[in-house]
Amino acid sequence: MSEEFEEISFDEEEEEEEKVIETEIKSKTPAKTKTPAGKKISVYFQSTIGPSPKQEKLVVATDAPISDIKYTVSQIFGLPPDEFHLSHAGRTCDNDDVLENYGVEDGDTVLLIPVSTAG
């Protein structure tokens, strides 16, 4: 009984494996929603809303948009993001700005202050 064997080149097989790996690694997350690559700092977020103050420590990127930080903080504190502002050193943070523009440093506290309803 005669069996025929096919000669396999190991170089070609390795190249095929590399191609498969390259296609599997591609990210499906849009670039604009990825975490900012800025310097990371620990910041305390303290709520002034409600009967008892609550404080949480988060690690955030200094170049993170305020709107993204507000969304994350809103999930932690259980508050709608449109019902509070973030404030640091007496300055209210603008949603369209980034954290580093307010001089927030590692270990600082950022306050959640209610949106004024007085008219």
# chains A, B, ... in the order shown; residues from 1 in each chain; ligands from 1

call {"tool": "residues_around", "arguments": {"residues": "region 51-61 of chain A", "least_positions_apart": "5", "cutoff": "6 Å", "atoms": "only C-alpha atoms", "output": "list in words"}}
result
Gly38, Lys39, Lys40, Ile41, Ser42, Val43, Tyr44, Phe45 and Gln46 of chain A

call {"tool": "write_last_selection", "arguments": {"atoms": "C-alpha atoms", "output": "short mmCIF file (atom, residue, chain, number, x, y, z; two decimals), in the first residue's frame"}}
result
data_model
loop_
_atom_site.label_atom_id
_atom_site.label_comp_id
_atom_site.auth_asym_id
_atom_site.auth_seq_id
_atom_site.Cartn_x
_atom_site.Cartn_y
_atom_site.Cartn_z
CA GLY A 38 -3.32 61.50 29.34
CA LYS A 39 -1.70 61.42 32.76
CA LYS A 40 -3.78 59.44 35.27
CA ILE A 41 -4.51 60.93 38.71
CA SER A 42 -6.61 59.93 41.72
CA VAL A 43 -9.40 62.40 42.41
CA TYR A 44 -12.02 62.43 45.16
CA PHE A 45 -15.52 63.29 44.00
CA GLN A 46 -17.73 64.59 46.82
#

call {"tool": "select_by_dssp", "arguments": {"residues": "region 67-113 of chain A", "states": "strand (DSSP E or B)", "output": "PyMOL selection string"}}
result
chain A and resi 84-88+91-92+98+109-113

call {"tool": "write_last_selection", "arguments": {"atoms": "C-alpha atoms", "output": "PDB file, in the first residue's frame"}}
result
ATOM      1  CA  PHE A  84     -25.236  68.703  38.863  1.00  0.00           C
ATOM      2  CA  HIS A  85     -22.045  70.505  37.929  1.00  0.00           C
ATOM      3  CA  LEU A  86     -18.475  69.569  38.801  1.00  0.00           C
ATOM      4  CA  SER A  87     -16.570  72.243  40.709  1.00  0.00           C
ATOM      5  CA  HIS A  88     -12.897  72.521  41.654  1.00  0.00           C
ATOM      6  CA  ARG A  91     -14.610  77.108  39.555  1.00  0.00           C
ATOM      7  CA  THR A  92     -17.488  75.344  37.832  1.00  0.00           C
ATOM      8  CA  VAL A  98     -11.020  68.914  29.919  1.00  0.00           C
ATOM      9  CA  THR A 109     -11.391  66.888  45.671  1.00  0.00           C
ATOM     10  CA  VAL A 110     -13.950  67.817  43.023  1.00  0.00           C
ATOM     11  CA  LEU A 111     -17.432  68.736  44.247  1.00  0.00           C
ATOM     12  CA  LEU A 112     -20.759  67.761  42.732  1.00  0.00           C
ATOM     13  CA  ILE A 113     -22.957  70.825  43.132  1.00  0.00           C
TER      14      ILE A 113
END

call {"tool": "atom_distance", "arguments": {"atom1": "CA of Glu105 (chain A)", "atom2": "CA of Pro80 (chain A)"}}
result
25.6 Å

call {"tool": "residues_around", "arguments": {"residues": "Leu79 (chain A)", "least_positions_apart": "2", "cutoff": "12 Å", "atoms": "only C-alpha atoms", "output": "list in words"}}
result
Ser47, Thr48, Ile49, Gly50, Lys70, Tyr71, Thr72, Val73, Ser74, Gln75, Ile76, Phe77, Pro81, Asp82, Glu83, Phe84, His85, Leu112, Ile113, Pro114 and Val115 of chain A

call {"tool": "write_last_selection", "arguments": {"atoms": "N, CA and C atoms", "output": "compact mmCIF listing (two decimals), in the first residue's frame"}}
result
# COMPACT_ATOMS: atom_id res chain seq x y z
N SER A 47 -20.15 64.55 46.78
CA SER A 47 -21.48 65.07 46.49
C SER A 47 -21.94 66.00 47.60
N THR A 48 -22.45 67.15 47.21
CA THR A 48 -23.06 68.08 48.17
C THR A 48 -24.58 68.00 48.05
N ILE A 49 -25.05 67.01 47.30
CA ILE A 49 -26.48 66.84 47.04
C ILE A 49 -27.02 65.75 47.97
N GLY A 50 -28.14 66.05 48.62
CA GLY A 50 -28.76 65.06 49.50
C GLY A 50 -28.42 65.31 50.95
N LYS A 70 -18.46 63.48 34.15
CA LYS A 70 -19.78 63.67 34.74
C LYS A 70 -20.66 62.44 34.54
N TYR A 71 -20.59 61.85 33.38
CA TYR A 71 -21.40 60.66 33.11
C TYR A 71 -20.99 59.52 34.05
N THR A 72 -19.70 59.27 34.18
CA THR A 72 -19.20 58.22 35.07
C THR A 72 -19.60 58.48 36.51
N VAL A 73 -19.41 59.72 36.96
CA VAL A 73 -19.75 60.09 38.33
C VAL A 73 -21.26 59.96 38.56
N SER A 74 -22.06 60.30 37.56
CA SER A 74 -23.51 60.20 37.69
C SER A 74 -23.94 58.75 37.92
N GLN A 75 -23.25 57.83 37.27
CA GLN A 75 -23.56 56.41 37.45
C GLN A 75 -23.21 55.94 38.87
N ILE A 76 -22.11 56.43 39.40
CA ILE A 76 -21.67 56.04 40.74
C ILE A 76 -22.58 56.61 41.83
N PHE A 77 -22.94 57.89 41.68
CA PHE A 77 -23.76 58.56 42.70
C PHE A 77 -25.26 58.40 42.48
N PRO A 81 -26.81 63.29 35.07
CA PRO A 81 -25.71 64.23 34.84
C PRO A 81 -26.14 65.67 34.60
N ASP A 82 -27.39 65.89 34.19
CA ASP A 82 -27.85 67.25 33.96
C ASP A 82 -28.35 67.93 35.24
N GLU A 83 -28.29 67.24 36.37
CA GLU A 83 -28.75 67.82 37.64
C GLU A 83 -27.61 68.31 38.53
N PHE A 84 -26.36 68.21 38.07
CA PHE A 84 -25.24 68.70 38.86
C PHE A 84 -24.11 69.21 37.97
N HIS A 85 -23.27 70.03 38.56
CA HIS A 85 -22.04 70.50 37.93
C HIS A 85 -20.87 69.96 38.72
N LEU A 112 -19.55 67.84 43.54
CA LEU A 112 -20.76 67.76 42.73
C LEU A 112 -21.72 68.75 43.36
N ILE A 113 -22.06 69.80 42.60
CA ILE A 113 -22.96 70.83 43.13
C ILE A 113 -24.24 70.82 42.31
N PRO A 114 -25.39 71.01 42.97
CA PRO A 114 -26.66 70.95 42.23
C PRO A 114 -26.80 72.11 41.25
N VAL A 115 -27.50 71.84 40.15
CA VAL A 115 -27.82 72.88 39.18
C VAL A 115 -28.83 73.81 39.85

call {"tool": "atom_distance", "arguments": {"atom1": "CA of Asp96 (chain A)", "atom2": "CA of Asp63 (chain A)"}}
result
11.7 Å
